[in-house]
>>> print(open('work.cif').read())   # mmCIF, C-alpha atoms
data_upload
#
loop_
_atom_site.label_atom_id
_atom_site.label_comp_id
_atom_site.auth_asym_id
_atom_site.auth_seq_id
_atom_site.Cartn_x
_atom_site.Cartn_y
_atom_site.Cartn_z
CA MET A 1246 -34.31 -34.29 41.26
CA ALA A 1247 -31.11 -32.35 40.73
CA LYS A 1248 -31.02 -28.83 42.00
CA ARG A 1249 -30.22 -26.04 39.50
CA LEU A 1250 -27.33 -23.92 40.63
CA LYS A 1251 -28.20 -20.31 41.08
CA VAL A 1252 -25.72 -17.79 39.71
CA SER A 1253 -25.94 -14.26 40.92
CA ARG A 1254 -25.63 -11.17 38.71
CA LYS A 1255 -22.44 -10.32 40.62
CA ASP A 1256 -20.91 -13.67 39.66
CA LEU A 1257 -21.88 -13.18 36.04
CA PHE A 1258 -19.95 -9.93 35.87
CA LYS A 1259 -16.86 -11.74 37.13
CA GLU A 1260 -16.95 -14.25 34.26
CA PRO A 1261 -15.26 -13.35 30.91
CA ASP A 1262 -17.73 -12.27 28.28
CA GLN A 1263 -17.80 -14.85 25.50
CA PHE A 1264 -19.52 -12.43 23.11
CA LEU A 1265 -17.12 -9.46 23.12
CA SER A 1266 -17.08 -7.65 19.77
CA THR A 1267 -13.89 -7.39 17.72
CA SER A 1268 -13.48 -3.72 18.58
CA GLU A 1269 -13.92 -4.46 22.29
CA LYS A 1270 -11.34 -7.23 22.12
CA THR A 1271 -8.93 -4.89 20.35
CA MET A 1272 -9.46 -2.22 22.96
CA LEU A 1273 -8.97 -4.74 25.75
CA PHE A 1274 -5.72 -5.97 24.17
CA PHE A 1275 -4.55 -2.38 23.76
CA MET A 1276 -5.25 -1.59 27.41
CA ASN A 1277 -3.38 -4.68 28.58
CA ASN A 1278 -0.41 -4.06 26.25
CA ARG A 1279 -0.45 -0.29 26.14
CA SER A 1280 3.30 0.42 25.94
CA THR A 1281 3.96 -2.19 23.24
CA ALA A 1282 1.00 -1.06 21.17
CA ILE A 1283 2.05 2.59 21.33
CA THR A 1284 5.59 1.70 20.27
CA VAL A 1285 4.32 -0.27 17.27
CA LEU A 1286 1.92 2.51 16.24
CA VAL A 1287 4.66 5.14 16.48
CA ALA A 1288 7.00 2.96 14.41
CA ILE A 1289 4.32 2.48 11.72
CA PHE A 1290 3.59 6.21 11.69
CA LEU A 1291 7.27 7.11 11.34
CA ALA A 1292 7.80 4.56 8.57
CA GLY A 1293 4.77 5.84 6.68
CA SER A 1294 5.82 9.45 7.12
CA SER A 1295 9.34 8.66 5.89
CA PHE A 1296 8.03 6.83 2.82
CA PHE A 1297 5.59 9.52 1.75
CA GLY A 1298 8.05 12.26 2.66
CA PHE A 1299 10.76 10.69 0.49
CA LYS A 1300 8.26 10.15 -2.34
CA TYR A 1301 7.21 13.80 -2.16
CA TYR A 1302 10.87 14.86 -2.16
CA GLN A 1303 11.60 12.74 -5.21
CA GLU A 1304 8.62 14.12 -7.11
CA THR A 1305 9.51 17.69 -6.18
CA ARG A 1306 13.14 17.22 -7.21
CA THR A 1307 12.10 15.63 -10.52
CA LEU A 1308 9.85 18.58 -11.34
CA ARG A 1309 12.59 21.02 -10.37
CA ASP A 1310 15.20 19.27 -12.50
CA GLU A 1311 12.76 19.06 -15.41
CA ALA A 1312 12.37 22.84 -15.21
CA PHE A 1313 16.17 23.22 -15.20
CA TYR A 1314 16.42 20.95 -18.26
CA PHE A 1315 13.95 23.06 -20.23
CA GLU A 1316 15.82 26.17 -19.14
CA ILE A 1317 18.99 24.70 -20.67
CA ALA A 1318 17.15 23.54 -23.81
CA LYS A 1319 15.64 27.01 -24.29
CA VAL A 1320 19.05 28.67 -24.65
CA PHE A 1321 20.72 25.80 -26.54
CA ASP A 1322 20.53 27.31 -30.04
CA ASN A 1323 20.64 31.04 -29.42
CA ASN A 1324 23.25 31.72 -26.79
CA ASP A 1325 26.98 32.10 -27.44
CA ASN A 1326 27.62 31.51 -23.73
CA PHE A 1327 25.59 28.31 -23.71
CA ALA A 1328 28.36 26.15 -22.21
CA SER A 1329 28.94 28.36 -19.16
CA ASP A 1330 25.20 28.90 -18.63
CA ALA A 1331 24.51 25.18 -18.95
CA GLU A 1332 27.27 24.26 -16.52
CA SER A 1333 25.91 26.65 -13.87
CA ILE A 1334 22.43 25.16 -14.22
CA LEU A 1335 23.76 21.58 -14.21
CA ALA A 1336 25.46 22.29 -10.89
CA LYS A 1337 22.00 22.85 -9.35
CA MET A 1338 20.56 19.58 -10.64
CA GLY A 1339 20.51 16.25 -8.83
CA ASP A 1340 21.69 13.05 -10.50
CA GLY A 1341 19.07 11.48 -12.73
CA LEU A 1342 17.57 11.34 -16.20
CA GLN A 1343 17.01 15.09 -16.45
CA LYS A 1344 20.65 15.85 -15.69
CA GLU A 1345 21.79 13.23 -18.19
CA ARG A 1346 19.60 14.77 -20.91
CA ALA A 1347 20.88 18.25 -20.08
CA SER A 1348 24.46 16.96 -20.14
CA LEU A 1349 23.83 15.55 -23.62
CA LEU A 1350 22.88 19.03 -24.80
CA LEU A 1351 26.11 20.41 -23.37
CA ALA A 1352 28.18 17.64 -24.96
CA ASP A 1353 26.46 18.21 -28.33
CA SER A 1354 27.25 21.93 -28.04
CA HIS A 1355 30.95 21.16 -27.55
CA PHE A 1356 30.80 18.71 -30.47
CA GLN A 1357 29.26 21.32 -32.79
CA LYS A 1358 32.04 23.75 -31.84
CA GLN A 1359 34.59 21.01 -32.61
CA GLU A 1360 35.61 20.87 -28.94
CA TYR A 1361 35.78 17.11 -29.21
CA GLU A 1362 37.75 16.30 -26.08
CA LYS A 1363 35.32 18.27 -23.90
CA ALA A 1364 32.40 16.50 -25.57
CA GLU A 1365 34.02 13.09 -25.05
CA VAL A 1366 34.49 13.69 -21.33
CA ILE A 1367 30.78 14.47 -20.91
CA TYR A 1368 29.64 11.57 -23.11
CA SER A 1369 31.81 9.19 -21.08
CA THR A 1370 30.48 10.57 -17.78
CA ILE A 1371 26.89 10.04 -18.91
CA MET A 1372 27.69 6.45 -19.88
CA ASN A 1373 29.30 5.81 -16.49
CA ASN A 1374 26.24 7.13 -14.65
CA SER A 1375 23.42 5.58 -16.68
CA LEU A 1376 22.13 2.12 -17.56
CA PRO A 1377 23.48 0.52 -20.77
CA LYS A 1378 19.95 -0.16 -22.04
CA GLY A 1379 18.83 3.41 -21.37
CA ILE A 1380 18.33 5.92 -24.19
CA ASN A 1381 20.68 8.46 -22.60
CA TYR A 1382 23.48 5.88 -22.49
CA GLN A 1383 22.92 5.01 -26.15
CA MET A 1384 22.82 8.66 -27.22
CA ALA A 1385 26.07 9.33 -25.34
CA GLN A 1386 27.68 6.23 -26.84
CA VAL A 1387 26.79 7.28 -30.38
CA GLY A 1388 27.93 10.84 -29.66
CA LEU A 1389 31.26 9.50 -28.43
CA ALA A 1390 31.69 7.45 -31.62
CA TYR A 1391 30.92 10.47 -33.82
CA SER A 1392 33.45 12.51 -31.86
CA TYR A 1393 36.17 9.92 -32.43
CA GLU A 1394 35.21 9.79 -36.12
CA SER A 1395 35.50 13.60 -36.36
CA ARG A 1396 38.98 13.41 -34.80
CA ALA A 1397 39.95 10.77 -37.37
CA ASP A 1398 40.32 8.15 -34.62
CA TYR A 1399 38.57 5.63 -36.85
CA LYS A 1400 39.56 2.49 -34.97
CA ARG A 1401 37.95 3.67 -31.73
CA ALA A 1402 34.92 4.96 -33.61
CA ILE A 1403 34.52 1.57 -35.33
CA GLU A 1404 34.69 -0.24 -31.97
CA ILE A 1405 31.93 1.90 -30.48
CA PHE A 1406 29.67 1.79 -33.55
CA LYS A 1407 29.92 -2.02 -33.44
CA LEU A 1408 29.00 -2.01 -29.73
CA VAL A 1409 25.91 0.09 -30.49
CA ILE A 1410 24.81 -2.35 -33.19
CA ASP A 1411 25.55 -5.47 -31.12
CA ALA A 1412 23.59 -4.09 -28.13
CA ASN A 1413 20.38 -4.61 -30.13
CA THR A 1414 18.41 -2.13 -28.01
CA GLY A 1415 16.04 -0.78 -30.63
CA PHE A 1416 18.10 2.36 -31.16
CA PRO A 1417 17.74 3.70 -34.78
CA LEU A 1418 20.69 2.13 -36.56
CA PHE A 1419 20.68 3.32 -40.19
CA GLU A 1420 23.10 6.21 -39.61
CA VAL A 1421 25.15 4.07 -37.20
CA TYR A 1422 25.71 1.46 -39.93
CA TRP A 1423 26.40 4.20 -42.46
CA SER A 1424 29.01 5.84 -40.23
CA LEU A 1425 30.58 2.45 -39.48
CA SER A 1426 30.98 1.81 -43.20
CA LYS A 1427 32.41 5.29 -43.74
CA CYS A 1428 34.93 4.80 -40.91
CA HIS A 1429 36.13 1.54 -42.50
CA GLU A 1430 36.50 3.35 -45.81
CA LEU A 1431 38.41 6.26 -44.27
CA ASN A 1432 40.58 3.72 -42.45
CA ASN A 1433 41.54 2.29 -45.88
CA ASP A 1434 39.50 -0.87 -45.33
CA VAL A 1435 37.22 -0.89 -48.38
CA SER A 1436 36.37 -4.59 -48.10
CA ASN A 1437 34.84 -4.16 -44.64
CA ALA A 1438 33.14 -0.95 -45.78
CA LEU A 1439 31.46 -2.92 -48.57
CA LEU A 1440 30.59 -5.73 -46.16
CA ILE A 1441 28.71 -3.29 -43.92
CA LEU A 1442 26.95 -1.70 -46.89
CA ARG A 1443 25.76 -5.09 -48.18
CA GLU A 1444 24.51 -5.92 -44.69
CA MET A 1445 22.62 -2.62 -44.79
CA GLN A 1446 21.21 -3.53 -48.20
CA ILE A 1447 19.50 -6.54 -46.61
CA LYS A 1448 18.61 -5.03 -43.25
CA PHE A 1449 17.19 -1.80 -44.70
CA SER A 1450 15.70 -3.23 -47.90
CA GLU A 1451 12.49 -1.25 -47.37
CA ASN A 1452 14.18 1.95 -46.24
CA PRO A 1453 13.60 5.03 -48.45
CA GLN A 1454 17.40 5.54 -48.46
CA LEU A 1455 18.11 2.15 -50.07
CA GLU A 1456 19.22 3.90 -53.25
CA ARG A 1457 21.85 5.77 -51.23
CA ILE A 1458 23.30 2.44 -50.05
CA GLU A 1459 23.31 0.90 -53.55
CA SER A 1460 24.95 3.98 -55.01
CA ARG A 1461 27.73 3.77 -52.42
CA ILE A 1462 28.25 0.04 -53.08
CA LYS A 1463 28.52 0.73 -56.81
CA LYS A 1464 31.08 3.48 -56.23
CA LEU A 1465 33.28 1.43 -53.90
CA SER A 1466 33.06 -1.65 -56.13
CA ALA A 1467 34.26 0.22 -59.20
#
>>> encode(input="work.cif", output="C-alpha cells")
Amino acid sequence: MAKRLKVSRKDLFKEPDQFLSTSEKTMLFFMNNRSTAITVLVAIFLAGSSFFGFKYYQETRTLRDEAFYFEIAKVFDNNDNFASDAESILAKMGDGLQKERASLLLADSHFQKQEYEKAEVIYSTIMNNSLPKGINYQMAQVGLAYSYESRADYKRAIEIFKLVIDANTGFPLFEVYWSLSKCHELNNDVSNALLILREMQIKFSENPQLERIESRIKKLSA
C-alpha cells in the first residue's frame, strides 16, 4: 500500500497560491514591477490632464470669443466708430468661427460705406482662413463678388458668382444668379444675361419672385 506524502503547513505557504484573486494578482504584479507601473500611471495621468485641460481651454476660449462677437454685433448698426471698435475687439479674439463671423461684420461695414478695397481685403482673408464648404467662406466669397460688382469690375464679379454656383454647397442662390445676370448685362453681354435668366426660370420655377425673372427676360428680349 502506497504511503501518502505528508505536507506540512509551512510547505504549503511556500507554494504559489493557485486561487489568488484578480486584485491580489494585480497588487503582486505592481509590487514586483513598481517603478515601471508608477511610470505608466504617471504618463496616463499626464496625458489625461493634458487632454481635459486643452478641452477646457478650447471651451473657455470659444465662450470668450462668442462674447466678443456679440459685443461687435451689438454696436454694428449704431456706432460711427464701428470699424475702429471692431478692430480692437478682433485683436483680442483667437482664430476660429467667431472671429470669422466678426470679420464678416467688419467687411460688410466697409462695403456699406463704399470702402470696397478694405472690404475685399477682409473677405479674402476670411476665405484664406476658412474651409471652402463652410458658411463663412461662402459669405465672404459672395461679399467679395458684390464688392467687385460695385466697383464695376464685372469680369471678376462674374468669375466669383460662377464659382459660388458651381460649388453646389446649398448656399441660397437666387440673388447670386440674379447678380450674375446683371453683371453680364452691365458688361454688355446681353445674350449671357438672358441665358442665366432662362436658367433661373427653370431652377426657380416655384419661387415667388418668378415674375421678376420673366419681366427681366421680356425687357432684355425686346
>>> residues_around(input="work.cif", residues="range 1359-1366 of chain A", least_positions_apart="3", cutoff="9 Å", atoms="all atoms listed in the file", output="JSON, numbers by chain")
{"A": [1349, 1351, 1352, 1353, 1354, 1355, 1356, 1369, 1370, 1371, 1385, 1388, 1389, 1390, 1392, 1393, 1395, 1396]}
>>> resolve_selection(input="work.cif", expression="the PyMOL selection byres ((chain A and resi 1445) around 10)", output="number ranges by chain")
A: 1418-1419, 1422-1423, 1426, 1439-1444, 1446-1450, 1452, 1455, 1458-1459
>>> closest_residue(input="work.cif", among="A:Gln1343, A:Asp1411, A:Leu1350, A:Leu1376", to="Ala1331 in chain A", atoms="all atoms listed in the file")
A:Leu1350
>>> axis_aligned_box(input="work.cif", around="range 1339-1354 of chain A", padding_each_side="6 Å", output="AutoDock Vina command-line options")
--center_x 22.6 --center_y 16.6 --center_z -18.6 --size_x 23.2 --size_y 22.6 --size_z 31.5
>>> atom_distance(input="work.cif", atom1="CA of Asn1381 in chain A", atom2="CA of Leu1342 in chain A")
7.7 Å
>>> atom_distance(input="work.cif", atom1="CA of Ser1375 in chain A", atom2="CA of Asp1398 in chain A")
24.8 Å
